[in-house]
Every structure is written in structure tokens, then in C-alpha cells.
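Taking it in order: structure first as C-alpha cells, then the write-up.
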Amino acid sequence: MKKMLALVSFALSVPIVAKGVEFQTPGAVGMGGAGVARNNGSLTSYWNPAGGAFNVAPFALSAGIGAGVKASDGLAENVDRFSNINFTNVQSFNTTTSTADNVGDVVKTLSIINDIDARKGNMAVTGFAPISMTSKRFSFGLFGTMEGYVQPTADILNVLPNNSVTAVAIRTEDLSNALGGTPYTDPNYFSATDRTTLITAIKASDARLTLIQATTLADAIGTKLLTSGIPATTVLSTMTDIALPALAGGGTTTLDKNTTSVLTKAVQYIEVPISYGHPVNVGSKGKLGLGITGKIISGTVYQNQVLLVNRTGNNLTAQDLLNDITQNKKSSMTFGIDLGALYKYNKAVTIGIVGKNLNSPKLAAPDYFVPAANDPVPAHAISTPGTEVELKPQIRAGIAVEPVTWMTFAADLDLKENDTVAPGSVVGSAQKSRNFGGGFEFKPASWLKLRGGAYKNLAASSGGNVLTAGFKLFLLDVDGAFATDTFTMNVNGTDTQIPKEVRVNAGMSFSF
């Protein structure tokens with residue numbers, strides 16, 4: 001748990017962090033992320049450059065910062081579990097010197113690898129830090145963006161315990177022999193039905209085993225994993241679906257070759273935009289504004305793969321992971337183009353559309369090292385070309401309705417799915433973003449605004465709805481959001497339900 005908290009702390013401490021691709025800024029998050037068709041003042045160059053055609057204040061300035069974390073179960077607890085395993089004992093397992101503790105470490109290792117493969121837990125860290133201003137039809141800004149992913153990848157091929165001298169796979173009878181005839185009783189780790197299932201499966205995997213040996217092995221596994229924090233059902237599925245079939249088949253796919261890893265990728269960039277909004281006379285049919293943004297983009301891409309098992313001399317620590325993320329990087333510079341349009345049908349209804357990064361700007365990625373089995377030293381691992389980050393075009397439409405001067409309703413929809421930094425770089429992930437959201441803003445006084453709303457990622461199969469709220473008090477804007485779906489994380493020995501997404505934004509703004 002402390003390792004993942006350290007990772008989140010690191011990501012949130014990176015200077016100028018943001019996730020611009022999800023259109024989240026102070027004042028908009030609280031309304032479900034809706035802002036394409038609203039009057040965004042100094043944030044015009046971020047939301048929709050066409051807004052410059054309707055700016056009424058001669059000058060506006062704002063600055064803010066925001067951060068968000070998305071996570072699912074299966075990452076933090078499994079990294080923690082690996083940190084407590086003696087991999088030297090796992091690598092050197094044999095029938096003459098190994099003990100029941102070694103048997104337990106082997107089963108723990110296999111169970112964690114199986115759980116990583118089954119749940120594919122991941123973490124994404126995002127945020128936002130804009131400095132922006134407008135002067136009549138022109139808008140300027142300095143927008144920082146950061147999007148980072150942590151995703152484990154499991155090697156479920158190399159799972160056989162081995163004799164370190166001969167590198168020959170250990171069979172089920174050898175595991176039983178390593179117990180040295182020590183008697184074990186049922187520790188009540190498995191349910192009665194699951195215990196019987198495991199004993200039957202163990203005996204069936206090796207004809208040399210007696211029922212007593214199979215029972216002893218099952219109870220030894222239960223005893224050694226009783227306080228591991230690994231669910232008994234996970235251990236049962238590991239033994240019956242992975243370990244026992246592998247033991248029965250034999251071969252050379254041994255644990256000392258296992259390369260279960262954590263893959264990381266992040267992009268951090270700064271945009272310097274200049275926007276212009278031009279009004280178009282459409283007569284009695286309303287008012288139309290067209291806008292364009294040109295922006296310089298300077299960014300850094302981080303990419304790496306960090307071995308979880310078979311580490312020589314030390315288990316993975318939070319500092320190891322953070323060092324590997326931050327030290328392997330590559331910087332580059334590019335430019336982007338945004339286009340937008342706003343149509344005001346009357347004073348109450350505004351419809352908008354914006355296209356961001358229409359020229360698909362790209363940021364170069366560093367080469368990174370894929371760990372070789374039993375050798376996590378980068379200089380001796382396999383060098384692999386990094387995957388460049390392409391800021392693909394994003395198209396979003398929105399509507400804002402102001403039936404009275406003290407109330408605004410707004411909604412936005414991404415018209416296409418947006419890639420995150422994870423696809424193509426993190427094995428097993430298919431992170432996509434396509435948000436639909438909206439809300440209201442209640443303005444009882446010029447110095448007070450109250451907001452509420454919700455949004456949902458239509459491209460995600462889980463995560464649920466994200467509820468939002470916020471306020472503006474004089475110059476201060478504060479917004480927050482949290483997902484209705486949760487995942488379970490063990491915190492200080494207690495299973496705790498944590499929202500799959502949490503976001504906080506704050507900013508200061510004024511105009512005259």
C-alpha cells in the first residue's frame with residue numbers, strides 16, 4: 001500500500017501536471033466536465049477558441065491546478081505481496097534443502113502471478129495546471145499536461161519450480177518430499193469443498209503420490225498462505241489451472257526464467273497557445289463565432305519495464321519503481337492546431353464544437369530495457385524502442401442553456417473515442433476515453449456560484465458514473481469528482497472500498 005501511495009505522490013508532485021485530453025479545468029469539472037459551449041473567459045484558448053468572438057471583458061486572467069487518480073484492484077496489493085517473498089528460495093528450490101516455507105513461497109509467487117494475469121489491475125494519474133488570459137478576441141495560455149499509467153504484465157508460462165543446480169523442473173512429488181514428512185492439519189484456509197477439490201487435483205497430477213501425501217501438501221499450502229492476504233479461491237485456481245498442469249507436464253519453463261513485470265508510461269508536456277475568435281454575421285438567425293488556435297508543444301515521454309520477480313539481491317521498492325520511471329525519458333518539441341465554432345441561437349442557447357490537435361502532433365519516446373530473466377540490470381537487459389506518443393485529434397460538441405441569468409445548464413459529448421498514453425505501450429491495457437457529461441451552475445450572486453453534475457466514460461466497461469460538484473467564492477474556484485464504482489484495497493490490514501476515480505481542481509480567476 002505504501003508503495004502505491006508513494007507512486008501517486010510522485011506523480012502528483014511533477015511540476016505542471018494535467019490531463020488536457022479530458023477537457024477538465026476549474027469551473028468545468030463541477031458541471032460534469034461541460035465547457036465547450038460555455039463562456040470560459042480566460043480559458044477560451046483551452047476550451048474553444050471560437051469563444052473569443054463573444055468575449056465581453058477587455059481582459060481576463062486565471063491560474064489553477066488539478067489532479068486525478070484512476071485505479072483498479074490487483075496492482076497495489078500484488079506489488080506489496082511480492083515484496084515479502086524470498087526469491088532466492090524460489091529460485092533455488094530443491095528436494096534436499098527446501099522446506100515447507102519454500103513450498104509456500106513458490107505457491108505464493110504463482111498465486112500472485114495468476115492474480116495479476118486475471119485482474120490486470122492498473123493505475124492512471126492525471127491532472128491539470130493552466131495559466132491563461134484573454135484580451136478581447138485573442139487568448140493566450142501556458143497549459144501543462146501529464147498522463148501516466150502503471151500496469152503489471154504477468155508471465156504465466158515460466159511457472160515451474162526448479163532445481164537451481166540442474167535447472168530441471170520439480171514435479172508434484174518433489175514438492176511433497178520437500179515437506180520432510182512434517183505432519184500438517186487442516187488450517188481452515190480453504191473451505192471444506194475447496195480443500196477436497198485441491199487434494200483430488202494434487203493426487204491426480206502425479207500418480208506417485210499417496211492420498212496422505214496429497215493431503216499433507218494441500219494442508220501445508222493452506223498453513224503457509226493463511227496470513228498471506230491472498231484469497232483461498234485465488235490459490236485454488238492457481239493450483240488447479242496453472243501449477244498442477246505445469247507440474248504434470250514438466251519441461252524447462254521454470255520460475256527462474258519468469259519475467260512478470262510492471263510496465264510504466266507517462267507523457268508530460270507544456271502547450272503555449274495563441275487563439276483568435278472571429279464573429280460571423282448570420283443576420284437574424286443568431287450569432288456565429290469561428291476560432292483557431294496555434295500552439296507550441298514541448299514534452300517529455302517516460303517509458304520503462306520493471307521486473308517484479310527474480311530480482312537479484314533486492315525486491316522491488318517504491319523508490320526503485322519511481323527511479324526507473326523518472327530516469328528513462330526523452331524530450332522533444334512539436335506544434336498543434338485547434339479549430340472551434342460557437343453558435344448562439346439566442347441569449348439562452350449556445351451550441352459549440354471544437355477539434356483539438358487536428359494535425360496529430362507527436363512526441364518522441366525513449367528506448368527502454370525489457371528485463372532478461374534473472375537479470376534486472378538495465379545494461380544487461382534487452383534494449384527496446386519506445387513507442388512515440390501521438391496526440392490524436394479529439395472532437396467534442398457541447399450545448400449550454402441559460403433560461404435565466406442566475407442558472408446555466410450545460411452538457412458535452414466526445415464525438416469519438418480518445419486514446420490514452422497506455423494503448424500500444426502497456427501490455428493488456430485498452431484504455432480509452434469518451435466522456436459524456438453535464439450539469440448546472442447556480443449563480444445567486446456575482447461573487448458566488450454553486451455547481452453540480454456527473455459524467456461517464458462511454459468507452460469504459462467499468463468505472464460507473466462520476467459525480468461532480470464545485471463552487472466559486474469571489475476569486476476562488478474549487479471542483480471535485482469521484483466515481484460511484486469502487487475497488488477493494490487492503491489498508492492496514494482492512495479491506496477498504498476506494499472510488500475508481502477521484503479528481504480535484506482549484507483555481508483563481510478575475511476579469512475587468
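Letters A, B, ... go to the chains of the C-alpha cells in the order shown; residues in each chain start at 1; ligands are counted from 1 in the same order.
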Need to verify the contact set: Thr216 (chain A), 8 Å, only C-alpha atoms, exclusion of same-chain residues closer than 6 positions in sequence. Can you return it as a PyMOL selection string? chain A and resi 176+183-185
Fill in: Residues of region 263-338 of chain A in strand (DSSP E), written as JSON, numbers by chain
{"A": [263, 264, 265, 266, 267, 268, 269, 270, 271, 272, 273, 274, 275, 276, 277, 278, 279, 280, 281, 287, 288, 289, 290, 291, 292, 293, 294, 295, 296, 297, 298, 299, 300, 301, 302, 303, 304, 305, 306, 307, 329, 330, 331, 332, 333, 334, 335, 336, 337, 338]}
key: Surrounding residues of region 244-248 of chain A excluding itself and chain neighbours under 2 positions, 9 Å, only C-alpha atoms, as JSON, numbers by chain   = {"A": [157, 159, 160, 161, 169, 170, 171, 172, 201, 202, 205, 206, 238, 239, 240, 241, 242, 250, 251, 253]}
Could you save those same residues with C-alpha atoms as a PDB file, in the first residue's frame?
```
ATOM      1  CA  LEU A 157       4.499 -19.576 -18.997  1.00  0.00           C
ATOM      2  CA  VAL A 159       5.962 -21.157 -13.625  1.00  0.00           C
ATOM      3  CA  LEU A 160       7.678 -24.460 -12.775  1.00  0.00           C
ATOM      4  CA  PRO A 161       9.761 -24.586  -9.580  1.00  0.00           C
ATOM      5  CA  ALA A 169      11.628 -28.743 -13.190  1.00  0.00           C
ATOM      6  CA  ILE A 170      10.388 -30.021  -9.832  1.00  0.00           C
ATOM      7  CA  ARG A 171       7.329 -32.284 -10.001  1.00  0.00           C
ATOM      8  CA  THR A 172       4.437 -32.531  -7.559  1.00  0.00           C
ATOM      9  CA  ALA A 201      -6.318 -32.386  -8.090  1.00  0.00           C
ATOM     10  CA  ILE A 202      -2.907 -32.832  -6.417  1.00  0.00           C
ATOM     11  CA  SER A 205      -1.477 -34.631 -11.124  1.00  0.00           C
ATOM     12  CA  ASP A 206       1.104 -37.229 -10.059  1.00  0.00           C
ATOM     13  CA  THR A 238      -3.705 -21.169  -9.376  1.00  0.00           C
ATOM     14  CA  MET A 239      -3.025 -24.748  -8.314  1.00  0.00           C
ATOM     15  CA  THR A 240      -5.705 -26.385 -10.444  1.00  0.00           C
ATOM     16  CA  ASP A 241      -5.422 -24.193 -13.582  1.00  0.00           C
ATOM     17  CA  ILE A 242      -1.707 -23.350 -13.736  1.00  0.00           C
ATOM     18  CA  GLY A 250       7.241 -30.966 -16.807  1.00  0.00           C
ATOM     19  CA  GLY A 251       9.611 -29.129 -19.139  1.00  0.00           C
ATOM     20  CA  THR A 253       9.671 -23.313 -18.275  1.00  0.00           C
TER      21      THR A 253
END
```
Given the choices A:Ala372, A:Val90, A:Val502, A:Ala232, which gets closest to Thr193 (chain A) if the distance is worked out from only C-alpha atoms?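 The shortest atom-to-atom distance to Thr193 (chain A) comes from A:Ala232.
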Inset, instruction - Would you mind writing down, as a list in words, each residue of region 238-382 of chain A that DSSP on the backbone assigns to alpha helix (DSSP H)? - result: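 Going through region 238-382 of chain A, the alpha helix (DSSP H) residues come out as Thr238, Leu244, Pro245, Ala246, Leu247, Ala248, Gly249, Ala318, Gln319, Asp320, Leu321, Leu322, Asn323, Asp324, Ile325, Thr326 and Gln327 of chain A.
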Requested write-out: N, CA and C atoms of the selected residues, as a JSON list (two decimals), in the first residue's frame:
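The resulting file, again36.json, is shown below:
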```
[["chain", "number", "residue", "atom", "x", "y", "z"],
["A", 238, "THR", "N", -5.11, -21.12, -8.95],
["A", 238, "THR", "CA", -3.71, -21.17, -9.38],
["A", 238, "THR", "C", -3.21, -22.61, -9.42],
["A", 244, "LEU", "N", -0.52, -27.21, -11.16],
["A", 244, "LEU", "CA", -0.57, -28.67, -11.29],
["A", 244, "LEU", "C", -0.46, -29.13, -12.74],
["A", 245, "PRO", "N", -1.16, -28.49, -13.70],
["A", 245, "PRO", "CA", -0.95, -28.90, -15.09],
["A", 245, "PRO", "C", 0.50, -28.72, -15.54],
["A", 246, "ALA", "N", 1.15, -27.63, -15.09],
["A", 246, "ALA", "CA", 2.55, -27.41, -15.46],
["A", 246, "ALA", "C", 3.44, -28.48, -14.84],
["A", 247, "LEU", "N", 3.20, -28.81, -13.57],
["A", 247, "LEU", "CA", 3.98, -29.83, -12.89],
["A", 247, "LEU", "C", 3.83, -31.19, -13.56],
["A", 248, "ALA", "N", 2.61, -31.49, -13.97],
["A", 248, "ALA", "CA", 2.35, -32.77, -14.62],
["A", 248, "ALA", "C", 3.04, -32.85, -15.97],
["A", 249, "GLY", "N", 3.12, -31.74, -16.66],
["A", 249, "GLY", "CA", 3.73, -31.73, -17.99],
["A", 249, "GLY", "C", 5.23, -31.64, -17.97],
["A", 318, "ALA", "N", 9.24, 1.02, -3.68],
["A", 318, "ALA", "CA", 8.62, 2.17, -4.32],
["A", 318, "ALA", "C", 9.68, 3.06, -4.96],
["A", 319, "GLN", "N", 10.83, 3.22, -4.27],
["A", 319, "GLN", "CA", 11.89, 4.08, -4.81],
["A", 319, "GLN", "C", 12.46, 3.50, -6.10],
["A", 320, "ASP", "N", 12.61, 2.15, -6.15],
["A", 320, "ASP", "CA", 13.07, 1.52, -7.39],
["A", 320, "ASP", "C", 12.16, 1.87, -8.55],
["A", 321, "LEU", "N", 10.85, 1.74, -8.29],
["A", 321, "LEU", "CA", 9.88, 1.98, -9.34],
["A", 321, "LEU", "C", 9.89, 3.44, -9.78],
["A", 322, "LEU", "N", 9.95, 4.35, -8.84],
["A", 322, "LEU", "CA", 9.95, 5.77, -9.17],
["A", 322, "LEU", "C", 11.22, 6.17, -9.92],
["A", 323, "ASN", "N", 12.36, 5.62, -9.50],
["A", 323, "ASN", "CA", 13.61, 5.92, -10.19],
["A", 323, "ASN", "C", 13.57, 5.44, -11.62],
["A", 324, "ASP", "N", 13.05, 4.23, -11.83],
["A", 324, "ASP", "CA", 13.01, 3.68, -13.18],
["A", 324, "ASP", "C", 12.05, 4.46, -14.07],
["A", 325, "ILE", "N", 10.99, 5.02, -13.48],
["A", 325, "ILE", "CA", 10.04, 5.81, -14.26],
["A", 325, "ILE", "C", 10.67, 7.13, -14.68],
["A", 326, "THR", "N", 11.28, 7.81, -13.73],
["A", 326, "THR", "CA", 11.71, 9.19, -13.98],
["A", 326, "THR", "C", 13.04, 9.29, -14.72],
["A", 327, "GLN", "N", 13.89, 8.28, -14.60],
["A", 327, "GLN", "CA", 15.21, 8.38, -15.19],
["A", 327, "GLN", "C", 15.24, 8.03, -16.67]]
```
note - CA of Val306 (chain A) and CA of Pro371 (chain A) are separated by 7.0 Å
ask   = Do you know which residues are at most 10 Å from Ala218 (chain A) counting only C-alpha atoms, after dropping those on the same chain fewer than 3 positions away, and could you put them as a list in words?
value =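 Here the qualifying residues turn out to be Ser176, Tyr184, Thr185, Asp186, Phe190, Arg195, Thr196, Thr197, Leu198, Ile199, Thr200, Ala201, Ile202, Ile212, Gln213, Ala214, Thr215, Ile221, Gly222, Thr223, Leu236 and Met239 of chain A.
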Margin query: Neighbouring residues of Val150 (chain A) were defined as those with any atom within 9 Å, considering only C-alpha atoms; residues of the same chain fewer than 5 positions away were excluded. Please report them as a ChimeraX atom specification.
Written below: /A:75,121-125,262-266,422,426
- Item | Pick from A:Tyr269, A:Gln305, A:Gly283, A:Thr254, whichever lies nearest to Ser331 (chain A) using only C-alpha atoms |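 Smallest distance to Ser331 (chain A) is found for A:Tyr269.
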Env of Ala397 (chain A): 12 Å cut, atoms = only C-alpha atoms, seq-sep filter 5 positions within chain, self excluded. Answer as number ranges by chain.
A: 23, 33-38, 47-48, 340-343, 350-356, 410-416, 434-438
Go ahead and save the residues from that selection, with N, CA and C atoms, as a compact mmCIF listing (two decimals), in the first residue's frame.
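What landed in part_12.txt:
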```
# COMPACT_ATOMS: atom_id res chain seq x y z
N PHE A 23 -10.45 17.43 -21.14
CA PHE A 23 -11.14 18.72 -21.08
C PHE A 23 -11.58 19.07 -19.65
N GLY A 33 -17.80 18.25 -16.32
CA GLY A 33 -16.81 18.41 -17.39
C GLY A 33 -17.30 19.14 -18.61
N ALA A 34 -18.42 19.85 -18.52
CA ALA A 34 -19.00 20.54 -19.68
C ALA A 34 -18.44 21.94 -19.80
N GLY A 35 -17.95 22.31 -21.01
CA GLY A 35 -17.41 23.65 -21.18
C GLY A 35 -17.27 24.12 -22.61
N VAL A 36 -17.51 23.25 -23.59
CA VAL A 36 -17.29 23.62 -25.00
C VAL A 36 -18.18 24.76 -25.43
N ALA A 37 -19.41 24.83 -24.91
CA ALA A 37 -20.36 25.86 -25.35
C ALA A 37 -20.56 26.95 -24.31
N ARG A 38 -19.77 26.94 -23.25
CA ARG A 38 -19.94 27.95 -22.21
C ARG A 38 -18.98 29.13 -22.43
N TRP A 47 -10.66 25.70 -24.09
CA TRP A 47 -11.93 25.03 -24.36
C TRP A 47 -12.39 25.18 -25.79
N ASN A 48 -12.44 26.38 -26.29
CA ASN A 48 -12.95 26.60 -27.64
C ASN A 48 -12.51 27.98 -28.11
N GLY A 340 -12.43 25.70 -33.72
CA GLY A 340 -13.69 25.66 -32.99
C GLY A 340 -14.75 26.54 -33.59
N ALA A 341 -16.00 26.27 -33.22
CA ALA A 341 -17.14 27.09 -33.66
C ALA A 341 -18.15 27.18 -32.53
N LEU A 342 -18.79 28.34 -32.41
CA LEU A 342 -19.86 28.57 -31.44
C LEU A 342 -21.03 29.24 -32.16
N TYR A 343 -22.22 28.73 -31.90
CA TYR A 343 -23.41 29.34 -32.49
C TYR A 343 -24.38 29.69 -31.38
N THR A 350 -26.64 28.18 -26.57
CA THR A 350 -25.37 28.20 -27.31
C THR A 350 -24.96 26.78 -27.63
N ILE A 351 -24.55 26.56 -28.88
CA ILE A 351 -24.08 25.24 -29.32
C ILE A 351 -22.64 25.39 -29.79
N GLY A 352 -21.78 24.47 -29.39
CA GLY A 352 -20.37 24.59 -29.76
C GLY A 352 -19.76 23.27 -30.19
N ILE A 353 -18.67 23.35 -30.93
CA ILE A 353 -17.90 22.17 -31.32
C ILE A 353 -16.43 22.60 -31.41
N VAL A 354 -15.54 21.72 -31.00
CA VAL A 354 -14.12 22.02 -31.06
C VAL A 354 -13.36 20.77 -31.48
N GLY A 355 -12.33 20.97 -32.26
CA GLY A 355 -11.41 19.90 -32.65
C GLY A 355 -10.02 20.26 -32.15
N LYS A 356 -9.43 19.40 -31.34
CA LYS A 356 -8.11 19.68 -30.77
C LYS A 356 -7.06 18.77 -31.39
N ALA A 410 -25.49 22.83 -18.86
CA ALA A 410 -24.57 22.55 -19.96
C ALA A 410 -24.29 21.06 -20.04
N ALA A 411 -23.95 20.61 -21.25
CA ALA A 411 -23.58 19.21 -21.46
C ALA A 411 -22.59 19.12 -22.61
N ASP A 412 -21.64 18.18 -22.49
CA ASP A 412 -20.63 17.94 -23.52
C ASP A 412 -20.59 16.46 -23.87
N LEU A 413 -20.19 16.17 -25.13
CA LEU A 413 -20.03 14.79 -25.58
C LEU A 413 -18.82 14.69 -26.50
N ASP A 414 -17.91 13.77 -26.19
CA ASP A 414 -16.83 13.46 -27.12
C ASP A 414 -17.43 12.70 -28.29
N LEU A 415 -17.18 13.18 -29.51
CA LEU A 415 -17.77 12.56 -30.69
C LEU A 415 -16.99 11.35 -31.17
N LYS A 416 -15.82 11.11 -30.62
CA LYS A 416 -15.03 9.93 -30.96
C LYS A 416 -14.25 9.47 -29.73
N ARG A 434 -13.98 8.42 -23.70
CA ARG A 434 -15.03 9.09 -24.47
C ARG A 434 -16.10 9.53 -23.47
N ASN A 435 -15.98 10.76 -23.05
CA ASN A 435 -16.82 11.23 -21.95
C ASN A 435 -18.11 11.88 -22.42
N PHE A 436 -19.14 11.64 -21.65
CA PHE A 436 -20.42 12.33 -21.82
C PHE A 436 -20.81 12.83 -20.43
N GLY A 437 -21.02 14.15 -20.32
CA GLY A 437 -21.34 14.69 -19.00
C GLY A 437 -21.98 16.04 -19.07
N GLY A 438 -22.49 16.45 -17.95
CA GLY A 438 -23.14 17.76 -17.89
C GLY A 438 -23.57 18.08 -16.48
```
Shortest contact to Leu450 (chain A), candidates A:Leu142, A:Ile270, A:Ala469, A:Leu307, atoms counted only C-alpha atoms, goes to A:Ala469
*Distance query Asn346 (chain A) at most 12 Å, only C-alpha atoms, self and fewer than 6 positions along chain excluded, as a list in words*: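 Once the adjacent positions are removed, what remains is Gly283, Ser284, Lys285, Gly286, Lys287, Leu288, Ala400, Val401, Glu402 and Pro403 of chain A.
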Please compute the CA of Ala60 (chain A)-CA of Asp477 (chain A) distance, one decimal, in Å.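 Pair CA of Ala60 (chain A) / CA of Asp477 (chain A) returns 14.7 Å.
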Nearest-residue call for Pro444 (chain A), choices A:Asp479, A:Leu391, A:Met407, A:Thr468, using only C-alpha atoms
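Using only C-alpha atoms, Pro444 (chain A) sits closest to A:Met407.
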From the list A:Asn84, A:Thr126, A:Thr109, A:Ser191, the nearest residue to Val504 (chain A) using only C-alpha atoms is A:Thr126
